[in-house]
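See structure below.
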Amino acid sequence: MSVRLVVAITDQEWFERLRFRSDLTEINFWAPSPAPFRALRPGELFLFKLHSPLDYIVGGGVFAYANILPCSLAWEAFGEANGAGNLAELRRRIVKYRRTDPADRSDFQIGCRILTQPFFFPEDRWIPIPSSWAKNIVAFKTYTTEDAEGLALWDAVQMQQHGIVGAGAGVSDRERPRFGAPVLIRPRLGQGGFRVLVTDIYSRRCAVTDERTLPALDAAHIKPFAEGGEHEASNGLLFRRDIHSLFDAGYVTVTPQYRFEVSKRIKDEFENGRDYYRLHGKQIREPADLHWRPDRDALAWHNEKRYLG
């Protein structure tokens, strides 16, 4: 199987913020402009290198997903996994790269490349960049394991992952240990990646109300992660934030037949809820790709274990 690898130039501050964060299960390699990214499939490798003259590959991750988000929502989804200490710092760096007026308070749209299972190499195991890397590259270069150079790069990363000292993309075939044929690596989404993916598969609309105001929307787990639910699209629904809160608390649910139901407890406990009762029995919006539709077993779990009836 042919597998692609991207080598991208990293922001130095981003790298220094993240290189010792072994607690992170996903990171956002963001770009200051909202350019789409289609160079990789989920499960291929996204590697990053330092700026010249430090021409080394210093880490990477498994590519999971890419999209375009307002920087405020990128911060909300990933927090310090954006490689910044706070939203103000993230905005400062975006402004620097865009060469925008620092007084501009726009909620800048940025490109997000979501990487899972991130890794950062110790400095004595940094990998020299392949010989074909050109000095005029300003963003990234794509390699493939169909070519000798791409295969050498894949093997060099595997060697570093296995702690074999002295690995590099220039290691000869005779010296290179074999790790089997290159394969896709299943990305393990975290909370941030889950939120971004669910937002997109519902076309950025609430599954119940069709609300499209992005800051007002939330990705809800049908079965909570803390109770064995996964960060998977089929375990997610996109709701307006008030409906998300009610769903988590059990005042509303979605049946395995994809109908929205509202508990009588809202009226009993709060003497209110007219706007929600208008939605009772409504068929929810399903993802356009039925592969992503909500898992019926998870919905049955919510009906039985969370819904107050």
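In the structure tokens, each chain is lettered A, B, ... as it comes, each chain's residues begin at 1, and ligands are numbered from 1 in order of appearance.
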- Message: With DSSP run on the backbone, what are the strand (DSSP E) residues within stretch 217-281 of chain A? I'd like them as a list in words.
- Response: Leu217, Asp218, Ala219, Ala220, His221, Gly236, Leu237, Leu238, Phe239, Arg240, Val252, Thr253, Val254, Phe260, Glu261 and Val262 of chain A
Mind dumping the selected residues with N, CA and C atoms as a PDB file, in the first residue's frame?
ATOM      1  N   LEU A 217     -23.348  26.554  18.482  1.00  0.00           N
ATOM      2  CA  LEU A 217     -23.508  25.121  18.270  1.00  0.00           C
ATOM      3  C   LEU A 217     -22.471  24.322  19.064  1.00  0.00           C
ATOM      4  N   ASP A 218     -22.855  23.111  19.449  1.00  0.00           N
ATOM      5  CA  ASP A 218     -21.980  22.229  20.214  1.00  0.00           C
ATOM      6  C   ASP A 218     -22.117  20.796  19.710  1.00  0.00           C
ATOM      7  N   ALA A 219     -21.016  20.072  19.749  1.00  0.00           N
ATOM      8  CA  ALA A 219     -21.061  18.636  19.449  1.00  0.00           C
ATOM      9  C   ALA A 219     -21.330  17.882  20.746  1.00  0.00           C
ATOM     10  N   ALA A 220     -22.392  17.099  20.757  1.00  0.00           N
ATOM     11  CA  ALA A 220     -22.780  16.340  21.948  1.00  0.00           C
ATOM     12  C   ALA A 220     -22.429  14.867  21.768  1.00  0.00           C
ATOM     13  N   HIS A 221     -21.890  14.263  22.810  1.00  0.00           N
ATOM     14  CA  HIS A 221     -21.737  12.813  22.839  1.00  0.00           C
ATOM     15  C   HIS A 221     -23.092  12.193  23.176  1.00  0.00           C
ATOM     16  N   GLY A 236     -22.030  11.071  17.997  1.00  0.00           N
ATOM     17  CA  GLY A 236     -22.183  12.515  18.131  1.00  0.00           C
ATOM     18  C   GLY A 236     -23.429  13.060  17.472  1.00  0.00           C
ATOM     19  N   LEU A 237     -23.885  14.180  17.984  1.00  0.00           N
ATOM     20  CA  LEU A 237     -24.981  14.965  17.413  1.00  0.00           C
ATOM     21  C   LEU A 237     -24.606  16.431  17.534  1.00  0.00           C
ATOM     22  N   LEU A 238     -24.975  17.223  16.548  1.00  0.00           N
ATOM     23  CA  LEU A 238     -24.711  18.656  16.621  1.00  0.00           C
ATOM     24  C   LEU A 238     -25.979  19.369  17.058  1.00  0.00           C
ATOM     25  N   PHE A 239     -25.893  20.083  18.177  1.00  0.00           N
ATOM     26  CA  PHE A 239     -27.043  20.754  18.760  1.00  0.00           C
ATOM     27  C   PHE A 239     -26.740  22.225  19.005  1.00  0.00           C
ATOM     28  N   ARG A 240     -27.794  23.015  19.060  1.00  0.00           N
ATOM     29  CA  ARG A 240     -27.698  24.342  19.655  1.00  0.00           C
ATOM     30  C   ARG A 240     -27.312  24.145  21.125  1.00  0.00           C
ATOM     31  N   VAL A 252     -34.162  16.060  27.160  1.00  0.00           N
ATOM     32  CA  VAL A 252     -34.535  15.763  25.776  1.00  0.00           C
ATOM     33  C   VAL A 252     -33.731  14.554  25.330  1.00  0.00           C
ATOM     34  N   THR A 253     -34.179  13.909  24.270  1.00  0.00           N
ATOM     35  CA  THR A 253     -33.434  12.782  23.708  1.00  0.00           C
ATOM     36  C   THR A 253     -33.718  12.689  22.219  1.00  0.00           C
ATOM     37  N   VAL A 254     -33.019  11.785  21.545  1.00  0.00           N
ATOM     38  CA  VAL A 254     -33.282  11.428  20.158  1.00  0.00           C
ATOM     39  C   VAL A 254     -33.491   9.921  20.134  1.00  0.00           C
ATOM     40  N   PHE A 260     -36.841  13.606  17.725  1.00  0.00           N
ATOM     41  CA  PHE A 260     -36.514  14.401  18.909  1.00  0.00           C
ATOM     42  C   PHE A 260     -37.673  14.332  19.889  1.00  0.00           C
ATOM     43  N   GLU A 261     -37.368  14.029  21.150  1.00  0.00           N
ATOM     44  CA  GLU A 261     -38.410  13.959  22.162  1.00  0.00           C
ATOM     45  C   GLU A 261     -38.044  14.844  23.344  1.00  0.00           C
ATOM     46  N   VAL A 262     -39.074  15.430  23.954  1.00  0.00           N
ATOM     47  CA  VAL A 262     -38.901  16.380  25.054  1.00  0.00           C
ATOM     48  C   VAL A 262     -39.634  15.852  26.278  1.00  0.00           C
TER      49      VAL A 262
END
- Out of stretch 75-291 of chain A, which residues get helix (DSSP H, G or I) from DSSP, as a ChimeraX atom specification? /A:75-82,87-98,123-125,148-161,191-201,214-216,225-227,233-235,241-249,265-270,274-277,290-291
- Task: Tell me which protein, DNA and RNA residues are within 12 Å of A:Ala88, counting only C-alpha atoms, leaving out same-chain ones fewer than 2 positions away, and put them as a ChimeraX atom specification.
- Result: /A:71-72,75,79-80,82,84-86,90-95,102,105,107
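Residues in contact range of A:Gly273, defined as at most 12 Å between only C-alpha atoms, with sequence neighbours fewer than 4 positions away removed, read A:Asp242, A:Ile243, A:Leu246, A:Tyr251, A:Val252, A:Val262, A:Ser263, A:Lys264, A:Arg265, A:Ile266, A:Lys267, A:Asp268, A:Glu269, A:Tyr277, A:Arg278, A:Leu279, A:His280.
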Could those residues be written to a file, using N, CA and C atoms, as a PDB file, in the first residue's frame?
ATOM      1  N   ASP A 242     -28.161  25.257  24.056  1.00  0.00           N
ATOM      2  CA  ASP A 242     -29.160  25.014  25.097  1.00  0.00           C
ATOM      3  C   ASP A 242     -29.718  23.589  24.974  1.00  0.00           C
ATOM      4  N   ILE A 243     -29.878  23.122  23.750  1.00  0.00           N
ATOM      5  CA  ILE A 243     -30.387  21.760  23.549  1.00  0.00           C
ATOM      6  C   ILE A 243     -29.340  20.738  23.970  1.00  0.00           C
ATOM      7  N   LEU A 246     -29.653  20.374  27.690  1.00  0.00           N
ATOM      8  CA  LEU A 246     -30.840  19.593  28.037  1.00  0.00           C
ATOM      9  C   LEU A 246     -30.641  18.116  27.711  1.00  0.00           C
ATOM     10  N   TYR A 251     -33.280  15.915  29.740  1.00  0.00           N
ATOM     11  CA  TYR A 251     -34.591  16.535  29.521  1.00  0.00           C
ATOM     12  C   TYR A 251     -35.073  16.384  28.075  1.00  0.00           C
ATOM     13  N   VAL A 252     -34.162  16.060  27.160  1.00  0.00           N
ATOM     14  CA  VAL A 252     -34.535  15.763  25.776  1.00  0.00           C
ATOM     15  C   VAL A 252     -33.731  14.554  25.330  1.00  0.00           C
ATOM     16  N   VAL A 262     -39.074  15.430  23.954  1.00  0.00           N
ATOM     17  CA  VAL A 262     -38.901  16.380  25.054  1.00  0.00           C
ATOM     18  C   VAL A 262     -39.634  15.852  26.278  1.00  0.00           C
ATOM     19  N   SER A 263     -38.937  15.808  27.404  1.00  0.00           N
ATOM     20  CA  SER A 263     -39.518  15.267  28.630  1.00  0.00           C
ATOM     21  C   SER A 263     -40.566  16.209  29.219  1.00  0.00           C
ATOM     22  N   LYS A 264     -41.603  15.632  29.819  1.00  0.00           N
ATOM     23  CA  LYS A 264     -42.614  16.432  30.522  1.00  0.00           C
ATOM     24  C   LYS A 264     -42.027  17.069  31.777  1.00  0.00           C
ATOM     25  N   ARG A 265     -40.849  16.599  32.185  1.00  0.00           N
ATOM     26  CA  ARG A 265     -40.225  17.133  33.393  1.00  0.00           C
ATOM     27  C   ARG A 265     -39.828  18.597  33.240  1.00  0.00           C
ATOM     28  N   ILE A 266     -39.598  19.067  32.000  1.00  0.00           N
ATOM     29  CA  ILE A 266     -39.268  20.489  31.823  1.00  0.00           C
ATOM     30  C   ILE A 266     -40.416  21.351  32.343  1.00  0.00           C
ATOM     31  N   LYS A 267     -41.639  21.020  31.940  1.00  0.00           N
ATOM     32  CA  LYS A 267     -42.805  21.782  32.401  1.00  0.00           C
ATOM     33  C   LYS A 267     -43.029  21.578  33.895  1.00  0.00           C
ATOM     34  N   ASP A 268     -42.895  20.343  34.363  1.00  0.00           N
ATOM     35  CA  ASP A 268     -43.132  20.053  35.774  1.00  0.00           C
ATOM     36  C   ASP A 268     -42.155  20.785  36.682  1.00  0.00           C
ATOM     37  N   GLU A 269     -40.901  20.837  36.286  1.00  0.00           N
ATOM     38  CA  GLU A 269     -39.866  21.388  37.163  1.00  0.00           C
ATOM     39  C   GLU A 269     -39.617  22.880  36.956  1.00  0.00           C
ATOM     40  N   TYR A 277     -41.177  22.131  23.412  1.00  0.00           N
ATOM     41  CA  TYR A 277     -42.287  21.216  23.112  1.00  0.00           C
ATOM     42  C   TYR A 277     -42.757  21.349  21.670  1.00  0.00           C
ATOM     43  N   ARG A 278     -42.547  22.527  21.074  1.00  0.00           N
ATOM     44  CA  ARG A 278     -42.881  22.693  19.652  1.00  0.00           C
ATOM     45  C   ARG A 278     -42.050  21.754  18.777  1.00  0.00           C
ATOM     46  N   LEU A 279     -40.885  21.353  19.278  1.00  0.00           N
ATOM     47  CA  LEU A 279     -39.979  20.501  18.503  1.00  0.00           C
ATOM     48  C   LEU A 279     -40.206  19.012  18.766  1.00  0.00           C
ATOM     49  N   HIS A 280     -41.036  18.687  19.719  1.00  0.00           N
ATOM     50  CA  HIS A 280     -41.264  17.292  20.101  1.00  0.00           C
ATOM     51  C   HIS A 280     -41.771  16.474  18.902  1.00  0.00           C
TER      52      HIS A 280
END
- Quick one: of A:Asp101, A:Ile110, A:Val138, A:Leu290, who's nearest to A:Ala8, counting only C-alpha atoms? A:Val138
- Counting only C-alpha atoms, the option among A:Leu299, A:Ile68, A:Val157, A:Ala226 closest to A:Leu197: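 Comparing A:Leu299, A:Ile68, A:Val157, A:Ala226 against A:Leu197, the winner is A:Ile68.
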- Write out as an MDAnalysis selection string each polymer residue whose atoms come within 12 Å of A:Arg113, counting only C-alpha atoms; drop sequence neighbours fewer than 3 positions from it. chainID A and resid 6 8 26:32 34:42 45:48 60:69 74 78 81:82 110 116 192:193 196:197
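You can rank A:Val183, A:Ala249, A:Leu189, A:Ile57 by their closest distance to A:Ile129 using only C-alpha atoms, and at the top of that list sits A:Ile57.
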- Fewer than 3 positions away in the same chain doesn't count, so skip those; otherwise give me all residues within 7 Å of A:Phe194, counting only C-alpha atoms, as an NGL selection string. :A and (189-191 or 197-198 or 231-233)
Store the residues of this selection in a file with N, CA and C atoms, as a short mmCIF file (atom, residue, chain, number, x, y, z; two decimals), in the first residue's frame.
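Writing done, so here's out-v4.cif:
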data_model
loop_
_atom_site.label_atom_id
_atom_site.label_comp_id
_atom_site.auth_asym_id
_atom_site.auth_seq_id
_atom_site.Cartn_x
_atom_site.Cartn_y
_atom_site.Cartn_z
N LEU A 189 -9.39 10.00 17.61
CA LEU A 189 -9.83 11.37 17.84
C LEU A 189 -9.91 11.68 19.33
N GLY A 190 -9.57 12.92 19.67
CA GLY A 190 -9.80 13.44 21.00
C GLY A 190 -11.06 14.31 21.01
N GLN A 191 -11.26 15.00 22.11
CA GLN A 191 -12.45 15.83 22.26
C GLN A 191 -12.51 16.92 21.19
N LEU A 197 -15.17 17.42 13.74
CA LEU A 197 -15.73 16.47 12.78
C LEU A 197 -17.26 16.48 12.83
N VAL A 198 -17.83 16.41 14.02
CA VAL A 198 -19.29 16.40 14.15
C VAL A 198 -19.89 17.70 13.62
N HIS A 231 -15.02 9.04 21.07
CA HIS A 231 -14.97 10.28 20.29
C HIS A 231 -15.13 9.91 18.81
N GLU A 232 -16.27 9.35 18.46
CA GLU A 232 -16.55 8.91 17.10
C GLU A 232 -17.75 9.68 16.56
N ALA A 233 -17.75 9.92 15.25
CA ALA A 233 -18.85 10.67 14.64
C ALA A 233 -20.20 10.02 14.91
#
- Task: Point out the residue among A:Arg188, A:Gln117, A:Pro215, A:Pro287 with the least atom-to-atom distance to A:Glu76, counting only C-alpha atoms.
- Result: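 Nearest candidate to A:Glu76 out of A:Arg188, A:Gln117, A:Pro215, A:Pro287: A:Pro215.
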- Go through A:Asp11, A:Asp23, A:Glu227, A:Glu16 one by one, measure the shortest atom-to-atom distance of each to A:Lys49 using only C-alpha atoms, and give the residue with the smallest value.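 Among the listed residues, the smallest separation from A:Lys49 belongs to A:Asp11.
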- Query: Using only C-alpha atoms, which residue out of A:Ser2, A:Ser131, A:Thr25, A:Thr10 lies closest to A:Pro187?
  - Reply: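 Closest candidate: A:Thr25.
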